[in-house]
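File shown here: target_3.cif, holding mmCIF, C-alpha atoms.
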```
data_final
#
loop_
_atom_site.label_atom_id
_atom_site.label_comp_id
_atom_site.auth_asym_id
_atom_site.auth_seq_id
_atom_site.Cartn_x
_atom_site.Cartn_y
_atom_site.Cartn_z
CA MET A 1 -41.39 -45.46 142.17
CA LYS A 2 -44.69 -43.72 142.95
CA LYS A 3 -47.58 -45.76 144.35
CA LEU A 4 -51.27 -44.91 144.18
CA VAL A 5 -53.80 -47.16 145.92
CA LEU A 6 -57.48 -46.93 145.02
CA VAL A 7 -60.06 -48.57 147.27
CA ARG A 8 -63.77 -48.78 146.71
CA HIS A 9 -65.51 -48.36 150.08
CA GLY A 10 -66.55 -51.43 152.03
CA GLU A 11 -70.03 -52.86 151.50
CA SER A 12 -72.72 -50.33 152.40
CA GLU A 13 -76.18 -51.04 153.78
CA TRP A 14 -77.61 -50.38 150.32
CA ASN A 15 -74.99 -52.54 148.60
CA LYS A 16 -76.23 -55.33 150.88
CA GLU A 17 -79.82 -54.59 149.83
CA ASN A 18 -78.75 -54.33 146.15
CA ARG A 19 -80.07 -50.77 145.81
CA PHE A 20 -78.84 -47.92 143.63
CA THR A 21 -77.04 -45.60 146.03
CA GLY A 22 -75.31 -42.79 144.16
CA TRP A 23 -75.02 -39.64 146.29
CA THR A 24 -77.32 -40.99 149.03
CA ASP A 25 -75.23 -40.92 152.21
CA VAL A 26 -75.57 -44.56 153.29
CA ASP A 27 -73.45 -46.08 156.06
CA LEU A 28 -71.25 -49.18 155.93
CA SER A 29 -72.75 -52.57 156.73
CA ALA A 30 -71.09 -54.83 159.31
CA LYS A 31 -69.50 -56.70 156.41
CA GLY A 32 -68.29 -53.38 154.98
CA VAL A 33 -66.52 -52.58 158.25
CA GLU A 34 -64.85 -56.01 158.13
CA GLU A 35 -63.76 -55.41 154.53
CA ALA A 36 -62.21 -52.08 155.49
CA VAL A 37 -60.38 -53.68 158.42
CA LYS A 38 -59.05 -56.43 156.15
CA GLY A 39 -58.02 -53.89 153.50
CA GLY A 40 -56.04 -51.92 156.06
CA GLN A 41 -54.37 -55.07 157.34
CA VAL A 42 -53.39 -56.12 153.81
CA LEU A 43 -51.87 -52.70 153.11
CA LYS A 44 -49.95 -52.81 156.38
CA ALA A 45 -48.68 -56.32 155.64
CA ASN A 46 -47.43 -55.08 152.27
CA ASN A 47 -45.52 -52.23 153.91
CA PHE A 48 -47.35 -49.31 152.35
CA ASN A 49 -46.29 -45.99 153.80
CA PHE A 50 -48.82 -43.41 152.68
CA LYS A 51 -48.17 -39.71 153.02
CA TYR A 52 -51.54 -38.28 151.95
CA CYS A 53 -55.14 -39.44 151.45
CA TYR A 54 -58.23 -38.48 149.51
CA THR A 55 -61.88 -39.41 149.92
CA SER A 56 -65.36 -38.21 149.01
CA TYR A 57 -68.03 -36.38 151.02
CA LEU A 58 -69.93 -39.63 151.61
CA LYS A 59 -69.65 -41.48 154.93
CA ARG A 60 -69.20 -44.96 153.49
CA ALA A 61 -65.94 -43.85 151.84
CA ILE A 62 -64.83 -41.65 154.75
CA LYS A 63 -65.36 -44.45 157.27
CA THR A 64 -63.61 -46.98 155.03
CA LEU A 65 -60.59 -44.71 154.85
CA ASN A 66 -60.55 -44.07 158.60
CA ILE A 67 -60.83 -47.77 159.43
CA MET A 68 -58.01 -48.65 157.06
CA LEU A 69 -55.79 -45.90 158.43
CA GLU A 70 -56.50 -47.05 161.97
CA GLU A 71 -55.41 -50.58 161.07
CA MET A 72 -52.17 -49.10 159.72
CA ASP A 73 -51.71 -46.74 162.68
CA LEU A 74 -51.87 -43.82 160.23
CA LEU A 75 -54.92 -41.92 161.46
CA TRP A 76 -52.73 -38.83 161.78
CA LEU A 77 -52.27 -38.56 158.00
CA PRO A 78 -53.71 -35.51 156.21
CA VAL A 79 -56.97 -36.30 154.37
CA GLU A 80 -58.51 -34.19 151.63
CA LYS A 81 -62.26 -34.61 151.08
CA THR A 82 -63.89 -33.62 147.80
CA TRP A 83 -67.35 -34.00 146.30
CA ARG A 84 -65.61 -34.70 142.99
CA LEU A 85 -64.79 -38.20 144.28
CA ASN A 86 -68.46 -38.89 145.06
CA GLU A 87 -70.20 -41.79 143.38
CA LYS A 88 -71.99 -41.25 140.08
CA HIS A 89 -75.40 -39.69 140.72
CA TYR A 90 -78.06 -42.22 139.70
CA GLY A 91 -80.94 -39.74 139.46
CA GLU A 92 -84.38 -41.24 139.97
CA LEU A 93 -82.88 -44.72 140.32
CA GLN A 94 -81.40 -43.87 143.73
CA GLY A 95 -82.98 -46.06 146.39
CA LEU A 96 -84.44 -48.60 143.95
CA ASN A 97 -83.53 -52.28 144.11
CA LYS A 98 -81.39 -53.20 141.10
CA ALA A 99 -82.84 -56.68 140.50
CA GLU A 100 -86.44 -55.43 140.83
CA THR A 101 -85.65 -52.58 138.44
CA ALA A 102 -84.21 -55.13 135.99
CA GLN A 103 -87.39 -57.20 136.23
CA LYS A 104 -89.40 -54.10 135.37
CA TYR A 105 -87.24 -52.59 132.63
CA GLY A 106 -85.08 -55.53 131.53
CA ASP A 107 -81.47 -56.49 132.21
CA ALA A 108 -80.23 -54.66 129.11
CA GLN A 109 -81.74 -51.33 130.14
CA VAL A 110 -80.41 -51.58 133.68
CA LEU A 111 -76.96 -52.41 132.29
CA VAL A 112 -77.17 -49.21 130.24
CA TRP A 113 -78.07 -47.18 133.33
CA ARG A 114 -75.37 -48.83 135.43
CA ARG A 115 -72.51 -49.17 133.00
CA SER A 116 -73.01 -47.29 129.72
CA TYR A 117 -70.57 -44.49 129.16
CA ASP A 118 -72.75 -41.58 128.11
CA ILE A 119 -76.41 -42.36 128.93
CA PRO A 120 -77.58 -41.07 132.34
CA PRO A 121 -80.69 -42.20 134.24
CA THR A 122 -83.64 -39.81 134.51
CA ALA A 123 -82.71 -36.78 136.62
CA VAL A 124 -84.31 -36.03 139.97
CA THR A 125 -86.36 -32.84 140.13
CA GLU A 126 -85.20 -29.69 141.91
CA ASN A 127 -87.52 -30.33 144.89
CA ASP A 128 -86.74 -34.06 145.18
CA GLU A 129 -85.19 -34.95 148.55
CA ARG A 130 -82.50 -36.82 146.61
CA ASN A 131 -81.35 -33.53 145.04
CA PRO A 132 -77.89 -32.91 146.54
CA ARG A 133 -78.30 -29.18 145.98
CA LEU A 134 -80.56 -29.27 149.05
CA ASP A 135 -77.88 -31.00 151.18
CA ILE A 136 -75.81 -28.88 153.59
CA LYS A 137 -72.68 -30.83 152.59
CA TYR A 138 -72.68 -29.06 149.25
CA GLN A 139 -73.61 -25.56 150.39
CA ASP A 140 -70.24 -24.17 149.32
CA VAL A 141 -70.25 -25.86 145.91
CA ASP A 142 -71.50 -24.00 142.85
CA LYS A 143 -75.01 -25.36 142.37
CA GLU A 144 -74.48 -25.51 138.61
CA LEU A 145 -71.76 -28.09 139.20
CA ILE A 146 -73.91 -30.38 141.37
CA PRO A 147 -75.62 -33.09 139.28
CA LEU A 148 -79.23 -34.24 139.34
CA THR A 149 -78.14 -37.35 137.43
CA GLU A 150 -74.94 -38.44 135.72
CA SER A 151 -73.56 -40.72 133.07
CA LEU A 152 -70.12 -42.22 133.57
CA LYS A 153 -68.87 -39.73 130.98
CA GLU A 154 -70.04 -36.85 133.16
CA THR A 155 -68.52 -38.50 136.24
CA VAL A 156 -65.19 -38.80 134.42
CA GLU A 157 -65.43 -35.13 133.43
CA ARG A 158 -65.52 -34.07 137.09
CA ILE A 159 -62.88 -36.59 138.21
CA VAL A 160 -60.10 -36.21 135.64
CA PRO A 161 -59.48 -32.47 136.17
CA TYR A 162 -59.22 -33.15 139.92
CA TRP A 163 -56.76 -35.95 139.25
CA GLU A 164 -54.65 -33.63 137.12
CA SER A 165 -54.78 -30.60 139.41
CA ASN A 166 -54.61 -32.31 142.82
CA ILE A 167 -54.05 -36.06 143.18
CA SER A 168 -51.34 -36.50 140.53
CA LYS A 169 -49.35 -33.55 141.86
CA LYS A 170 -49.61 -34.83 145.42
CA LEU A 171 -48.49 -38.26 144.23
CA ILE A 172 -45.38 -36.76 142.63
CA GLU A 173 -44.68 -34.77 145.79
CA LYS A 174 -45.40 -37.45 148.41
CA GLY A 175 -44.67 -40.74 146.64
CA GLU A 176 -47.53 -42.81 148.10
CA VAL A 177 -51.19 -41.74 148.10
CA LEU A 178 -54.35 -43.58 149.19
CA VAL A 179 -57.77 -42.81 147.68
CA ALA A 180 -60.96 -44.28 149.20
CA ALA A 181 -63.96 -43.55 147.02
CA HIS A 182 -66.66 -45.24 144.95
CA GLY A 183 -67.14 -47.69 142.11
CA ASN A 184 -67.78 -45.16 139.37
CA SER A 185 -65.57 -42.31 140.52
CA LEU A 186 -62.69 -44.78 140.73
CA ARG A 187 -63.60 -46.27 137.36
CA GLY A 188 -63.20 -42.75 135.97
CA ILE A 189 -59.66 -42.49 137.31
CA ILE A 190 -58.80 -46.02 136.15
CA LYS A 191 -60.20 -45.33 132.69
CA TYR A 192 -57.96 -42.30 132.40
CA LEU A 193 -54.83 -43.98 133.80
CA LYS A 194 -55.12 -47.15 131.73
CA LYS A 195 -56.55 -45.43 128.64
CA ILE A 196 -59.56 -47.76 128.61
CA SER A 197 -61.98 -47.11 125.75
CA ASP A 198 -65.54 -45.86 126.26
CA GLU A 199 -66.77 -49.26 125.08
CA ASP A 200 -64.53 -51.41 127.28
CA ILE A 201 -65.05 -49.52 130.54
CA VAL A 202 -68.46 -51.21 130.82
CA ASN A 203 -66.62 -54.45 131.67
CA LEU A 204 -64.69 -53.07 134.64
CA ASN A 205 -66.26 -54.08 137.96
CA LEU A 206 -64.60 -53.04 141.21
CA PRO A 207 -65.13 -55.17 144.33
CA THR A 208 -65.64 -53.42 147.67
CA GLY A 209 -62.76 -53.05 150.10
CA ILE A 210 -60.00 -54.49 147.88
CA PRO A 211 -56.89 -52.28 147.46
CA TYR A 212 -56.01 -51.66 143.80
CA VAL A 213 -52.37 -50.62 143.40
CA PHE A 214 -50.92 -48.49 140.59
CA GLU A 215 -47.14 -48.11 140.32
CA PHE A 216 -45.63 -45.26 138.31
CA ASP A 217 -42.14 -44.12 137.40
CA ASP A 218 -40.95 -40.70 138.54
CA ASN A 219 -42.56 -39.08 135.48
CA LEU A 220 -45.89 -40.67 136.39
CA ASN A 221 -45.86 -43.16 133.54
CA LEU A 222 -47.85 -46.23 134.59
CA VAL A 223 -45.58 -49.22 135.13
CA LYS A 224 -48.03 -51.81 136.45
CA ASP A 225 -51.30 -52.21 138.32
CA TYR A 226 -52.67 -55.04 140.46
CA PHE A 227 -55.15 -55.90 143.19
CA LEU A 228 -53.88 -56.92 146.62
CA GLY A 229 -55.50 -60.24 147.45
CA ASP A 230 -56.29 -63.72 146.24
CA GLU A 231 -56.86 -63.65 142.47
CA GLU A 232 -59.65 -66.23 142.48
CA GLU A 233 -61.48 -64.51 145.31
CA ILE A 234 -61.21 -61.14 143.55
CA ARG A 235 -62.49 -62.65 140.30
CA LYS A 236 -65.57 -63.98 142.08
CA LEU A 237 -66.16 -60.62 143.78
CA MET A 238 -65.98 -58.87 140.41
CA GLU A 239 -68.51 -61.30 138.95
CA ALA A 240 -70.82 -60.61 141.88
CA VAL A 241 -70.65 -56.87 141.19
CA ALA A 242 -71.40 -57.46 137.50
CA ASN A 243 -74.46 -59.57 138.37
CA GLN A 244 -76.04 -57.04 140.75
CA GLY A 245 -78.11 -55.45 137.99
CA LYS A 246 -79.59 -58.68 136.65
CA SER A 247 -83.18 -59.73 137.28
CA LYS A 248 -82.19 -63.27 138.23
#
```

Take the structure from the file and write it as structure tokens.
Amino acid sequence: MKKLVLVRHGESEWNKENRFTGWTDVDLSAKGVEEAVKGGQVLKANNFNFKYCYTSYLKRAIKTLNIMLEEMDLLWLPVEKTWRLNEKHYGELQGLNKAETAQKYGDAQVLVWRRSYDIPPTAVTENDERNPRLDIKYQDVDKELIPLTESLKETVERIVPYWESNISKKLIEKGEVLVAAHGNSLRGIIKYLKKISDEDIVNLNLPTGIPYVFEFDDNLNLVKDYFLGDEEEIRKLMEAVANQGKSK
């Protein structure tokens, strides 16, 4: 049995403020640190024995992973960082409050920007400080690959090839792999693994800091998937994520 665990980073400072974050490198909030600690404790209590880890280039995911590994006494594990696991780039929405944006443009439009499959927000300009092509973190990445905005479809298109070429092969080799990343990059992996339609993916909301386990047979056929935690609590957390983009 192969086990993959996906974890959305703990609450960030901008999650707390209900702002579109995207590729903005925002730190964890105090609550986010607590969520990461709890996530690591839950994984340890369930006897996970990871051999390899992946995360993004963004500190909220990196710190979540490190905190969880520390709780499991696994800080020595090899970790591969990739920009391909970064959050969806929200273009000109980055930094804006979601509820205030919904009041201005309407709940339906904000839902399209947040959760539609193939409609991206307006792109940032080349000289915008939110343009990741100006960030030293991405200096070795082909600038043509770095987005100025993204739809979920475009996020999936950068995630799935990485899953196929890297993560899936490491999972076969190592048996247990932990991935700490972001709501939309993880939704891309989940969409692919569970064969979720373009229409239905809009309804998937991932809570912060909750381990999501996928079990596969030796041929990497999905056997089952489940969250680690109290079902009612997780349901409420999912509803809270879904309601972030509403005006009221």

Residue with smallest distance to A:Asn86 - pool A:Val7, A:Leu186, A:Leu171, A:Leu43, counting all atoms listed in the file: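 Using all atoms listed in the file, the shortest distance to A:Asn86 belongs to A:Leu186.
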
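Among A:Val33, A:Ile67, A:Val26, A:Leu74, the residue with the shortest atom-to-atom distance to A:Gln94, counting all atoms listed in the file, is A:Val26.
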
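Atom CA of A:Asn47 is found 14.3 Å from atom CA of A:Gly229.
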
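You can rank A:Trp76, A:Tyr105, A:Tyr117, A:Tyr90 by their closest distance to A:Arg130 using all atoms listed in the file, and at the top of that list sits A:Tyr90.
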
d(atom CA of A:Asp217, atom CA of A:Lys194) in Å: 14.5 Å

For A:Glu176, the nearest of the candidates A:Ser29, A:Phe214, A:Trp23, A:Lys224, counting only C-alpha atoms: A:Phe214

Shortest interatomic distance to A:Thr208 - which of A:Lys195, A:Arg158, A:Lys2, A:Lys236, counting all atoms listed in the file: A:Lys236

All residues 8 Å or closer to A:Ala36, all atoms listed in the file, same chain fewer than 3 positions away omitted, as a VMD selection string: chain A and resid 9 to 10 32 to 33 39 to 40 64 to 65 67 to 68 209

Selection: 7 Å around A:Thr122, all atoms listed in the file, excl. self and same-chain fewer than 3 positions, as a list in words: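 Counting only the stated atoms, we get Gly91, Glu92 and Thr149 of chain A.
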
Atoms kept (C-alpha atoms) for selection, written as a PDB file, in the frame of the given file:
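Dumped everything to out_39.pdb:
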```
ATOM      1  CA  GLY A  91     -80.940 -39.740 139.460  1.00  0.00           C
ATOM      2  CA  GLU A  92     -84.380 -41.240 139.970  1.00  0.00           C
ATOM      3  CA  THR A 149     -78.140 -37.350 137.430  1.00  0.00           C
TER       4      THR A 149
END
```

Distance of atom CA of A:Glu157 from atom CA of A:Leu145, expressed in Å to one decimal place: 11.1 Å

Ground truth for the PyMOL selection byres ((chain A and resi 120) around 7), written as a ChimeraX atom specification: /A:113,118-119,121-122,149-151

Best match for closeness to A:Glu154 among A:Glu129, A:Glu87, A:Asp218, A:Glu11, counting all atoms listed in the file: A:Glu87

A:Trp83 environment, 8 Å, all atoms listed in the file, sequence neighbours closer than 3 positions dropped, as a PyMOL selection string: chain A and resi 56-57+86+138

On this structure, the PyMOL selection byres ((chain A and resi 116) around 10) would catch which residues? List them as a CSV table (one decimal) with C-alpha atoms, in the frame of the given file, sorted by chain and number.
```csv
chain,number,residue,atom,x,y,z
A,109,GLN,CA,-81.7,-51.3,130.1
A,110,VAL,CA,-80.4,-51.6,133.7
A,111,LEU,CA,-77.0,-52.4,132.3
A,112,VAL,CA,-77.2,-49.2,130.2
A,113,TRP,CA,-78.1,-47.2,133.3
A,114,ARG,CA,-75.4,-48.8,135.4
A,115,ARG,CA,-72.5,-49.2,133.0
A,117,TYR,CA,-70.6,-44.5,129.2
A,118,ASP,CA,-72.8,-41.6,128.1
A,119,ILE,CA,-76.4,-42.4,128.9
A,120,PRO,CA,-77.6,-41.1,132.3
A,151,SER,CA,-73.6,-40.7,133.1
A,152,LEU,CA,-70.1,-42.2,133.6
A,153,LYS,CA,-68.9,-39.7,131.0
A,198,ASP,CA,-65.5,-45.9,126.3
A,199,GLU,CA,-66.8,-49.3,125.1
A,200,ASP,CA,-64.5,-51.4,127.3
A,201,ILE,CA,-65.0,-49.5,130.5
A,202,VAL,CA,-68.5,-51.2,130.8
A,203,ASN,CA,-66.6,-54.4,131.7
```
